[in-house]
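For reference, entry.cif (mmCIF, N, CA and C atoms):
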data_work
loop_
_atom_site.label_atom_id
_atom_site.label_comp_id
_atom_site.auth_asym_id
_atom_site.auth_seq_id
_atom_site.Cartn_x
_atom_site.Cartn_y
_atom_site.Cartn_z
N MET A 15 66.80 55.95 127.45
CA MET A 15 67.09 56.06 126.03
C MET A 15 68.59 56.28 125.88
N SER A 16 69.20 55.50 125.04
CA SER A 16 70.63 55.64 124.82
C SER A 16 70.90 55.88 123.34
N VAL A 17 72.01 56.53 123.08
CA VAL A 17 72.43 56.84 121.72
C VAL A 17 73.70 56.05 121.44
N THR A 18 73.70 55.32 120.33
CA THR A 18 74.86 54.52 119.95
C THR A 18 75.30 54.88 118.53
N PHE A 19 76.59 55.05 118.35
CA PHE A 19 77.16 55.29 117.04
C PHE A 19 78.56 54.69 117.01
N THR A 20 79.10 54.54 115.81
CA THR A 20 80.44 53.99 115.70
C THR A 20 81.48 55.09 115.90
N LEU A 21 82.66 54.67 116.32
CA LEU A 21 83.73 55.62 116.58
C LEU A 21 84.19 56.31 115.30
N GLY A 22 83.98 55.66 114.17
CA GLY A 22 84.36 56.24 112.88
C GLY A 22 83.62 57.52 112.54
N LEU A 23 82.52 57.76 113.21
CA LEU A 23 81.77 59.01 112.98
C LEU A 23 82.59 60.23 113.40
N ALA A 24 83.53 60.03 114.31
CA ALA A 24 84.39 61.13 114.75
C ALA A 24 85.36 61.55 113.65
N LEU A 25 85.53 60.74 112.62
CA LEU A 25 86.44 61.09 111.54
C LEU A 25 85.86 62.13 110.59
N ILE A 26 84.55 62.34 110.64
CA ILE A 26 83.92 63.32 109.73
C ILE A 26 84.39 64.75 110.03
N PRO A 27 84.34 65.23 111.29
CA PRO A 27 84.87 66.58 111.53
C PRO A 27 86.36 66.69 111.22
N TYR A 28 87.12 65.62 111.50
CA TYR A 28 88.54 65.63 111.18
C TYR A 28 88.75 65.75 109.68
N ALA A 29 87.96 65.04 108.88
CA ALA A 29 88.08 65.11 107.43
C ALA A 29 87.72 66.51 106.91
N LEU A 30 86.74 67.14 107.52
CA LEU A 30 86.37 68.50 107.10
C LEU A 30 87.49 69.49 107.37
N VAL A 31 88.11 69.38 108.54
CA VAL A 31 89.25 70.25 108.87
C VAL A 31 90.41 69.96 107.93
N LEU A 32 90.63 68.69 107.65
CA LEU A 32 91.71 68.30 106.75
C LEU A 32 91.49 68.86 105.34
N LEU A 33 90.27 68.81 104.85
CA LEU A 33 89.96 69.38 103.54
C LEU A 33 90.21 70.89 103.51
N PHE A 34 89.85 71.57 104.60
CA PHE A 34 90.09 73.01 104.69
C PHE A 34 91.59 73.32 104.65
N VAL A 35 92.38 72.56 105.41
CA VAL A 35 93.83 72.79 105.47
C VAL A 35 94.47 72.51 104.12
N ILE A 36 94.06 71.43 103.46
CA ILE A 36 94.60 71.11 102.15
C ILE A 36 94.21 72.19 101.14
N GLY A 37 92.97 72.64 101.19
CA GLY A 37 92.53 73.71 100.30
C GLY A 37 93.32 74.99 100.52
N TYR A 38 93.59 75.32 101.78
CA TYR A 38 94.38 76.51 102.09
C TYR A 38 95.80 76.36 101.56
N GLY A 39 96.38 75.17 101.70
CA GLY A 39 97.74 74.93 101.19
C GLY A 39 97.80 75.06 99.68
N ILE A 40 96.82 74.50 98.99
CA ILE A 40 96.77 74.62 97.53
C ILE A 40 96.60 76.08 97.11
N PHE A 41 95.76 76.80 97.84
CA PHE A 41 95.55 78.23 97.59
C PHE A 41 96.85 79.01 97.75
N ALA A 42 97.62 78.70 98.79
CA ALA A 42 98.88 79.41 99.04
C ALA A 42 99.91 79.10 97.96
N VAL A 43 100.03 77.82 97.59
CA VAL A 43 101.00 77.45 96.55
C VAL A 43 100.59 78.04 95.21
N TYR A 44 99.31 78.03 94.90
CA TYR A 44 98.83 78.63 93.65
C TYR A 44 99.23 80.11 93.58
N HIS A 45 99.03 80.83 94.67
CA HIS A 45 99.37 82.25 94.65
C HIS A 45 100.87 82.48 94.56
N LEU A 46 101.66 81.58 95.14
CA LEU A 46 103.11 81.72 94.99
C LEU A 46 103.53 81.51 93.54
N VAL A 47 102.92 80.53 92.88
CA VAL A 47 103.28 80.24 91.49
C VAL A 47 102.73 81.33 90.57
N HIS A 48 101.51 81.74 90.80
CA HIS A 48 100.86 82.71 89.90
C HIS A 48 101.48 84.10 90.02
N TYR A 49 101.64 84.56 91.24
CA TYR A 49 102.14 85.92 91.46
C TYR A 49 103.64 85.97 91.69
N GLY A 50 104.27 84.82 91.81
CA GLY A 50 105.72 84.79 92.01
C GLY A 50 106.08 85.00 93.46
N ALA A 51 107.03 84.22 93.90
CA ALA A 51 107.53 84.39 95.27
C ALA A 51 108.47 85.59 95.25
N THR A 52 107.97 86.73 95.67
CA THR A 52 108.75 87.95 95.59
C THR A 52 109.90 87.97 96.58
N THR A 53 109.74 87.24 97.68
CA THR A 53 110.82 87.18 98.66
C THR A 53 111.07 85.73 99.05
N GLY A 54 112.24 85.49 99.57
CA GLY A 54 112.54 84.16 100.07
C GLY A 54 111.75 83.85 101.32
N LEU A 55 111.35 84.90 102.04
CA LEU A 55 110.58 84.71 103.27
C LEU A 55 109.21 84.11 102.97
N SER A 56 108.54 84.57 101.92
CA SER A 56 107.22 84.03 101.59
C SER A 56 107.32 82.57 101.19
N PHE A 57 108.36 82.21 100.44
CA PHE A 57 108.56 80.82 100.07
C PHE A 57 108.88 79.97 101.30
N THR A 58 109.70 80.48 102.20
CA THR A 58 110.09 79.75 103.40
C THR A 58 108.89 79.51 104.32
N ILE A 59 108.06 80.52 104.48
CA ILE A 59 106.89 80.38 105.35
C ILE A 59 105.90 79.38 104.75
N THR A 60 105.69 79.43 103.45
CA THR A 60 104.80 78.47 102.80
C THR A 60 105.36 77.06 102.92
N PHE A 61 106.65 76.89 102.72
CA PHE A 61 107.27 75.58 102.86
C PHE A 61 107.14 75.07 104.30
N ALA A 62 107.35 75.96 105.29
CA ALA A 62 107.21 75.56 106.69
C ALA A 62 105.77 75.15 107.01
N TYR A 63 104.81 75.85 106.44
CA TYR A 63 103.40 75.51 106.64
C TYR A 63 103.09 74.13 106.08
N LEU A 64 103.52 73.89 104.85
CA LEU A 64 103.25 72.60 104.22
C LEU A 64 104.01 71.46 104.91
N ALA A 65 105.26 71.72 105.31
CA ALA A 65 106.03 70.69 106.02
C ALA A 65 105.41 70.39 107.38
N GLY A 66 104.93 71.41 108.07
CA GLY A 66 104.26 71.19 109.35
C GLY A 66 102.97 70.41 109.19
N THR A 67 102.23 70.69 108.12
CA THR A 67 101.00 69.95 107.85
C THR A 67 101.30 68.48 107.58
N ILE A 68 102.32 68.20 106.78
CA ILE A 68 102.70 66.82 106.50
C ILE A 68 103.19 66.14 107.76
N PHE A 69 103.94 66.84 108.59
CA PHE A 69 104.43 66.31 109.86
C PHE A 69 103.26 65.92 110.77
N ILE A 70 102.27 66.79 110.90
CA ILE A 70 101.10 66.51 111.74
C ILE A 70 100.30 65.34 111.17
N LEU A 71 100.11 65.30 109.87
CA LEU A 71 99.37 64.19 109.26
C LEU A 71 100.07 62.86 109.46
N PHE A 72 101.39 62.83 109.33
CA PHE A 72 102.13 61.59 109.51
C PHE A 72 101.99 61.06 110.93
N PHE A 73 102.19 61.92 111.92
CA PHE A 73 102.11 61.46 113.30
C PHE A 73 100.68 61.18 113.75
N THR A 74 99.70 61.84 113.14
CA THR A 74 98.31 61.49 113.41
C THR A 74 98.01 60.10 112.86
N TRP A 75 98.49 59.81 111.67
CA TRP A 75 98.31 58.49 111.07
C TRP A 75 98.96 57.42 111.95
N GLN A 76 100.14 57.68 112.46
CA GLN A 76 100.83 56.72 113.32
C GLN A 76 100.08 56.51 114.63
N ALA A 77 99.55 57.57 115.20
CA ALA A 77 98.87 57.47 116.50
C ALA A 77 97.52 56.76 116.38
N LEU A 78 96.81 56.97 115.27
CA LEU A 78 95.47 56.42 115.11
C LEU A 78 95.44 55.12 114.32
N ASN A 79 96.59 54.56 114.02
CA ASN A 79 96.67 53.38 113.18
C ASN A 79 96.02 52.16 113.83
N GLY A 80 96.13 51.98 115.14
CA GLY A 80 95.62 50.79 115.78
C GLY A 80 94.20 50.90 116.32
N VAL A 81 93.49 51.97 116.00
CA VAL A 81 92.15 52.19 116.54
C VAL A 81 91.13 51.40 115.72
N ASP A 82 90.23 50.71 116.41
CA ASP A 82 89.13 50.02 115.74
C ASP A 82 87.98 51.02 115.55
N TRP A 83 87.82 51.52 114.34
CA TRP A 83 86.86 52.57 114.07
C TRP A 83 85.43 52.06 114.00
N ARG A 84 85.24 50.74 114.04
CA ARG A 84 83.89 50.17 114.03
C ARG A 84 83.37 49.93 115.45
N GLN A 85 84.16 50.27 116.45
CA GLN A 85 83.77 50.09 117.84
C GLN A 85 82.57 50.99 118.16
N PRO A 86 81.50 50.41 118.72
CA PRO A 86 80.34 51.26 119.04
C PRO A 86 80.58 52.07 120.32
N VAL A 87 80.06 53.27 120.32
CA VAL A 87 80.11 54.16 121.48
C VAL A 87 78.67 54.41 121.89
N THR A 88 78.37 54.21 123.17
CA THR A 88 77.00 54.37 123.66
C THR A 88 76.96 55.44 124.74
N PHE A 89 76.03 56.35 124.59
CA PHE A 89 75.77 57.37 125.60
C PHE A 89 74.37 57.14 126.15
N SER A 90 74.27 57.11 127.45
CA SER A 90 72.94 56.99 128.06
C SER A 90 72.87 57.96 129.23
N PRO A 91 71.72 58.59 129.40
CA PRO A 91 71.60 59.55 130.50
C PRO A 91 71.59 58.82 131.84
N PRO A 92 72.10 59.45 132.87
CA PRO A 92 72.08 58.81 134.18
C PRO A 92 70.65 58.71 134.72
N THR A 93 70.38 57.65 135.41
CA THR A 93 69.07 57.49 136.03
C THR A 93 69.22 57.53 137.54
N SER A 94 68.13 57.73 138.21
CA SER A 94 68.19 57.81 139.67
C SER A 94 68.52 56.46 140.29
N LEU A 95 68.28 55.37 139.56
CA LEU A 95 68.59 54.04 140.08
C LEU A 95 70.07 53.72 140.02
N SER A 96 70.78 54.30 139.07
CA SER A 96 72.19 53.98 138.92
C SER A 96 73.10 54.95 139.69
N MET A 97 72.53 56.01 140.23
CA MET A 97 73.35 56.98 140.95
C MET A 97 73.26 56.70 142.45
N PRO A 98 74.40 56.78 143.14
CA PRO A 98 74.34 56.57 144.59
C PRO A 98 73.66 57.76 145.28
N ALA A 99 73.09 57.49 146.40
CA ALA A 99 72.44 58.55 147.16
C ALA A 99 73.48 59.49 147.75
N ALA A 100 73.16 60.77 147.74
CA ALA A 100 74.08 61.76 148.31
C ALA A 100 74.00 61.71 149.82
N PRO A 101 75.15 61.76 150.46
CA PRO A 101 75.14 61.74 151.93
C PRO A 101 74.60 63.06 152.50
N LEU A 102 73.88 62.96 153.57
CA LEU A 102 73.36 64.16 154.22
C LEU A 102 74.41 64.72 155.17
N PRO A 103 74.46 66.04 155.28
CA PRO A 103 75.48 66.65 156.18
C PRO A 103 75.16 66.44 157.64
#
Take the structure in this file and express it as structure tokens.
Amino acid sequence: MSVTFTLGLALIPYALVLLFVIGYGIFAVYHLVHYGATTGLSFTITFAYLAGTIFILFFTWQALNGVDWRQPVTFSPPTSLSMPAAPLP
């Protein structure tokens, strides 16, 4: 029995993590606007977080641009016929 799925299925966990990161960024910016950036450090750290997120997203897009996401991936359990015999000591 083998299991086959498309490579695009791997994008679902990535999209969930991406939604979490975007939500966290919006949450941080909202709190900076609502409560005021009391120090330059809080604004700098939030800017560095958002810039790092954009940096990671850009290079991920560049790295995964040429991948065929419709390519099927098949997993099948090993059988005794396909495995070589173990040598005896």
Using only C-alpha atoms, which of A:Gly39, A:Pro86, A:Val81, A:Tyr49 sits nearest Gly66 (chain A)?
A:Gly39
Once DSSP has gone over the backbone, tell me which residues of chain A are in helix (DSSP H, G or I), as a ChimeraX atom specification.
/A:21-49,54-77
Please report, as JSON, the centre and edge lengths in Å to one decimal of an axis-aligned box covering all listed atoms of region 23-27 of chain A with 5 Å per side.
{"center_x": 84.1, "center_y": 62.2, "center_z": 112.2, "size_x": 14.7, "size_y": 18.9, "size_z": 15.0}
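Put simply, atom N of Thr74 (chain A) is 19.6 Å away from atom C of Thr20 (chain A).
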Kindly give the distance, in Å, that separates atom N of Ile40 (chain A) and atom N of Phe72 (chain A), rounded to a single decimal.
16.2 Å
